[in-house]
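Student: Let me begin by handing over the structure; questions about it come next.
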Amino acid sequence: MMQLLVLRKRIVLLLGLCSIFLIILIIRLGYVQLRDGPFLKNLADEEHFRGVPVASKRGNIEDCNGNILAMSVSSETVYAIPAEVKKSGKQEEIAAKLAEILKLEKAAVLENITKRTSLEYVKKKISADTATVIKQSNLPGIGVVEDSTRFYPNGTLTAHIIGFTGIDSQGLEGIEKSRDKELTGTPGSILTEYGANGIKIPDAQQEFIQPIQGNTVKLTIDKNIQAFAERELAKLMTGQGVNMEGRIPKSASILVMEPSTGKMLAIASAPTFDPNNYQAAPVSSRRNIAIQNGYEPGSTFKIVTLAAALQEKVIKPTESFTDSGSITILGKKIRCWKAGGHGTQTMVQVAENSCNPGFIEMGQRLGMDRFYKYLTAFGFGQKTGIEMSGEAKGILANKKKATALDLATMSIGQTNNVTPIQLLTAVSAVANGGTLLKPQLVQEITSPTGEVIVPFQKEEVRRVISKDTAKLECEILESVVTNGTGRRAFLPGYRVAGKTGTAQKVANGSYIQGEYVASFISFAPANNPRLAILVVIDGVPFYGGVVAGPVVQSVMLDSLKYLGVKPDANAPLAPGKPMYGVEFPPVKEAAIVPSVLGYSQTEAEQTLKKSGFKVMIEGKGANVVDQIPHGEAKVEKGSTVILYLGSEAGQPTLAPWIEEDQDDPDVEVIKDLSPRIPLSMNTDLPE
């Protein structure tokens, strides 16, 4: 009886344990089925169904009017299923045939199609004709799938802005890179049933997952204004620019901004490249110099000095200033570009004449602290934030080490290093009423269905000067074009404001003979600017007003007409119209400066005077070791040529407008500030 009872207990215990086990098993089975079922099914499908990726098309890049600047066109990609290739036993034949069709090395193809992988690409981006031949060859384990190739229908137009893509359609430079995420779509796939051995099942089921195209990026760039700019650059780079006389610069850039919004309407740089075949161009030609290169701006920077002086009320437009031809700071004479100076003039005339001593006086009245306050307020020494990779910050002289002499040279655009986009952004702040705006390139981003995902939004950085100050300076800069050194950008019937600049370049501590960075910045209409344009030309023997002024004039006129901006009935029809009661003499006849290097003083003077130039002598010595302007430079007839005399050939160690004070020869030479890029030593040359 006891044994039966024990047996019964054991049976109940065993049944209980079995029941518990079954309950746990049922719970686990339900858990696997309900929770992990979809995941495990996908895992099984991945083993059972193997997909050949189908690349999605990148979204278009368009200009502000919807003109396509970059698009994706259909192409094909050849792939191999190594397991099927091996099963066929025809690896050698297949490799030989593919190598012949695709013009590849047989050994490389054979290695590729026999790898221990489920899928290998043999060659991407092949033509439709080549794809047809491969399909007709019916090679085991070899297939062709739809792909796309990036195409730039306008060739070099906007090349530095758009950039280009790599073999896998990934953005490598420009907007293609910065907006790669938005432009890249969602890839699709062709799913086919395969066995455990990696071989496709006969009459296998297939499934096609449609790829989704990327979003469209619409830029602020206007294709037509960009074309105007690139047309002028093409002329410059072939020596056909106005007053270029066949000379070809090292590089040049033209930037156009809408001052009221910060929208960039054009960014053109030369030399350039074709993004359809970017590998064929030198790497240097792909550099966006308008964004990535710094330079010393020269007289165009005087716009910033003038803005600060007007805002701080350290000057009055009508107050008198006497220019004797030079100003002495810490024992160094800084001369005006006009020999003997401009005499007594108003501050408006100081701007019209681009008078060095007058602008230095403005800087001295401001003082170091206030001057640097406006340097940073206008955005110098920091990135603008424009959507381009590799943007340079520029370099400002170390404030703690700066002297009164450095303040003087900074006031006329020397010493500090800026980028073209920084300068244009700063001047646009003056043009738009005093607000610094972030320069922008993207107008909006839309989905494939046309929905606006990212709208345009104007970004205000800070207010720099008041509206009243900005209005007054716009009037003064208009007078510079109408009456002063900027007359080569004058447009009959339009109110144009602007400033010219010329920078002499420095290499290894000495001046490059006859080579300048010529620039011109302008905006119009002066009372309600639609456009602000900056032209920078590097490596020419001519001055900013001579070669850059006509470029601005041409781009500005065509752009204003294109935008439908009509002439102003109250605007002057010819330069020289009085403003603030000031008359300016008419433009003189142009003349080429003869080179007199190596001549004796007497011979040099005779040669220059015979050509219609005045002469100023600097230094002591038997022969001419340097001259400003340099030989072959094109200037107004009757200008003064400065001759540097010495016993040995060489270059002056100080800027042409800064010399040792002959009255105080013991004054210590001010050492260069650090850091400083010796890209160009600026001088306010005859304009």
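Residues in the structure tokens are numbered from 1 in each chain, the chains being A, B, ... in the order shown, and ligands are numbered from 1 in the order shown.
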Please provide as an MDAnalysis selection string all residues within 12 Å of Glu391 (chain A), with the sequence filter that same-chain residues fewer than 5 positions apart are discarded (counting only C-alpha atoms).
Tutor: chainID A and resid 174 287:294 381:386 418:422
Student: Can you pull out the residues contacting Asn353 (chain A)? Cut-off 10 Å, using only C-alpha atoms, and skip same-chain residues under 3 positions away; I want them as a JSON list (two decimals) with C-alpha atoms, in the first residue's frame.
Tutor:
[["chain", "number", "residue", "atom", "x", "y", "z"],
["A", 336, "CYS", "CA", 48.49, 109.38, -50.42],
["A", 337, "TRP", "CA", 48.48, 107.82, -53.88],
["A", 338, "LYS", "CA", 48.35, 111.31, -55.37],
["A", 342, "HIS", "CA", 44.61, 116.40, -52.49],
["A", 345, "GLN", "CA", 38.80, 118.70, -48.99],
["A", 347, "MET", "CA", 35.28, 114.10, -45.78],
["A", 348, "VAL", "CA", 33.00, 113.26, -48.70],
["A", 349, "GLN", "CA", 35.82, 114.21, -51.04],
["A", 350, "VAL", "CA", 38.19, 112.10, -48.94],
["A", 356, "ASN", "CA", 44.88, 107.59, -47.57],
["A", 358, "GLY", "CA", 41.96, 111.09, -44.66],
["A", 480, "VAL", "CA", 32.49, 107.90, -55.26],
["A", 483, "ASN", "CA", 32.43, 111.88, -59.01],
["A", 484, "GLY", "CA", 35.41, 109.90, -57.76],
["A", 485, "THR", "CA", 37.70, 106.95, -58.26],
["A", 486, "GLY", "CA", 34.85, 104.52, -59.00],
["A", 584, "PHE", "CA", 35.30, 116.17, -59.92],
["A", 686, "PRO", "CA", 46.32, 105.41, -58.56],
["A", 687, "GLU", "CA", 42.77, 104.46, -59.35]]
Student: Residues at most 8 Å from Val481 (chain A), counting only C-alpha atoms, excluding those fewer than 5 positions away in the same chain, as a list in words?
Tutor: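 Neighbouring residues, sequence-local ones excluded: Glu352, Gly486, Arg487, Arg488, Ala489, Phe490, Val496, Ala497, Gly498, Lys499 and Pro575 of chain A.
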Student: May I have the residues from that selection written out with C-alpha atoms, as a PDB file, in the first residue's frame?
Tutor:
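File written: result-v3.pdb
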ATOM      1  CA  GLU A 352      35.650 110.221 -53.484  1.00  0.00           C
ATOM      2  CA  GLY A 486      34.846 104.524 -58.999  1.00  0.00           C
ATOM      3  CA  ARG A 487      33.692 106.190 -62.188  1.00  0.00           C
ATOM      4  CA  ARG A 488      34.445 103.144 -64.354  1.00  0.00           C
ATOM      5  CA  ALA A 489      31.452 101.407 -62.769  1.00  0.00           C
ATOM      6  CA  PHE A 490      29.136 104.327 -63.579  1.00  0.00           C
ATOM      7  CA  VAL A 496      25.387 103.117 -58.441  1.00  0.00           C
ATOM      8  CA  ALA A 497      27.528 103.093 -55.283  1.00  0.00           C
ATOM      9  CA  GLY A 498      30.935 101.496 -55.007  1.00  0.00           C
ATOM     10  CA  LYS A 499      34.628 101.508 -54.228  1.00  0.00           C
ATOM     11  CA  PRO A 575      29.860 111.006 -64.314  1.00  0.00           C
TER      12      PRO A 575
END
Student: Smallest atom-to-atom distance to Asp558 (chain A): which of A:Met2, A:Leu491, A:Gly367, A:Ala404, using only C-alpha atoms?
Tutor: A:Leu491
Student: Do a neighbour search on Thr130 (chain A) at 9 Å with only C-alpha atoms, toss out local chain neighbours closer than 3 positions, and write the hits as a VMD selection string.
Tutor: chain A and resid 76 101 to 102 126 to 127 133 to 135
Student: Just the selected residues (C-alpha atoms), exported as a PDB file, in the first residue's frame, please.
Tutor:
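Generated file (part-v2.pdb):
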ATOM      1  CA  GLU A  76      23.241  50.354 -65.757  1.00  0.00           C
ATOM      2  CA  ILE A 101      32.814  43.798 -73.291  1.00  0.00           C
ATOM      3  CA  LEU A 102      33.681  46.059 -70.357  1.00  0.00           C
ATOM      4  CA  ILE A 126      27.836  51.451 -68.010  1.00  0.00           C
ATOM      5  CA  SER A 127      26.029  52.651 -71.133  1.00  0.00           C
ATOM      6  CA  VAL A 133      25.295  43.290 -75.105  1.00  0.00           C
ATOM      7  CA  ILE A 134      25.790  41.753 -71.648  1.00  0.00           C
ATOM      8  CA  LYS A 135      22.118  40.811 -71.383  1.00  0.00           C
TER       9      LYS A 135
END
Student: Could you check how far CA of Ala571 (chain A) sits from CA of Val536 (chain A), in Å to one decimal?
Tutor: 27.1 Å
Student: Which of these residues is nearest to Gln213 (chain A), using only C-alpha atoms: A:Ser595, A:Thr607, A:Thr449, A:Thr117?
Tutor: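 Of all the options, A:Thr449 lies closest to Gln213 (chain A).
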Student: Tell me, as a PyMOL selection string, which residues lie within 6 Å of Phe378 (chain A), counting only C-alpha atoms; anything in the same chain fewer than 3 positions away does not count.
Tutor: chain A and resi 374-375+426
Student: I'd like the contact shell of region 451-466 of chain A - 10 Å cut-off, only C-alpha atoms, skipping same-chain residues fewer than 2 positions apart - returned as a PyMOL selection string.
Tutor: chain A and resi 182+215-220+260-263+307-308+310-312+373-374+376-379+384+426+429-430+433-449+468-471
Student: Report, in Å to a single decimal, how far apart CA of Arg530 (chain A) and CA of Leu255 (chain A) are.
Tutor: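 Spanning CA of Leu255 (chain A) to CA of Arg530 (chain A) is a straight-line distance of 13.7 Å.
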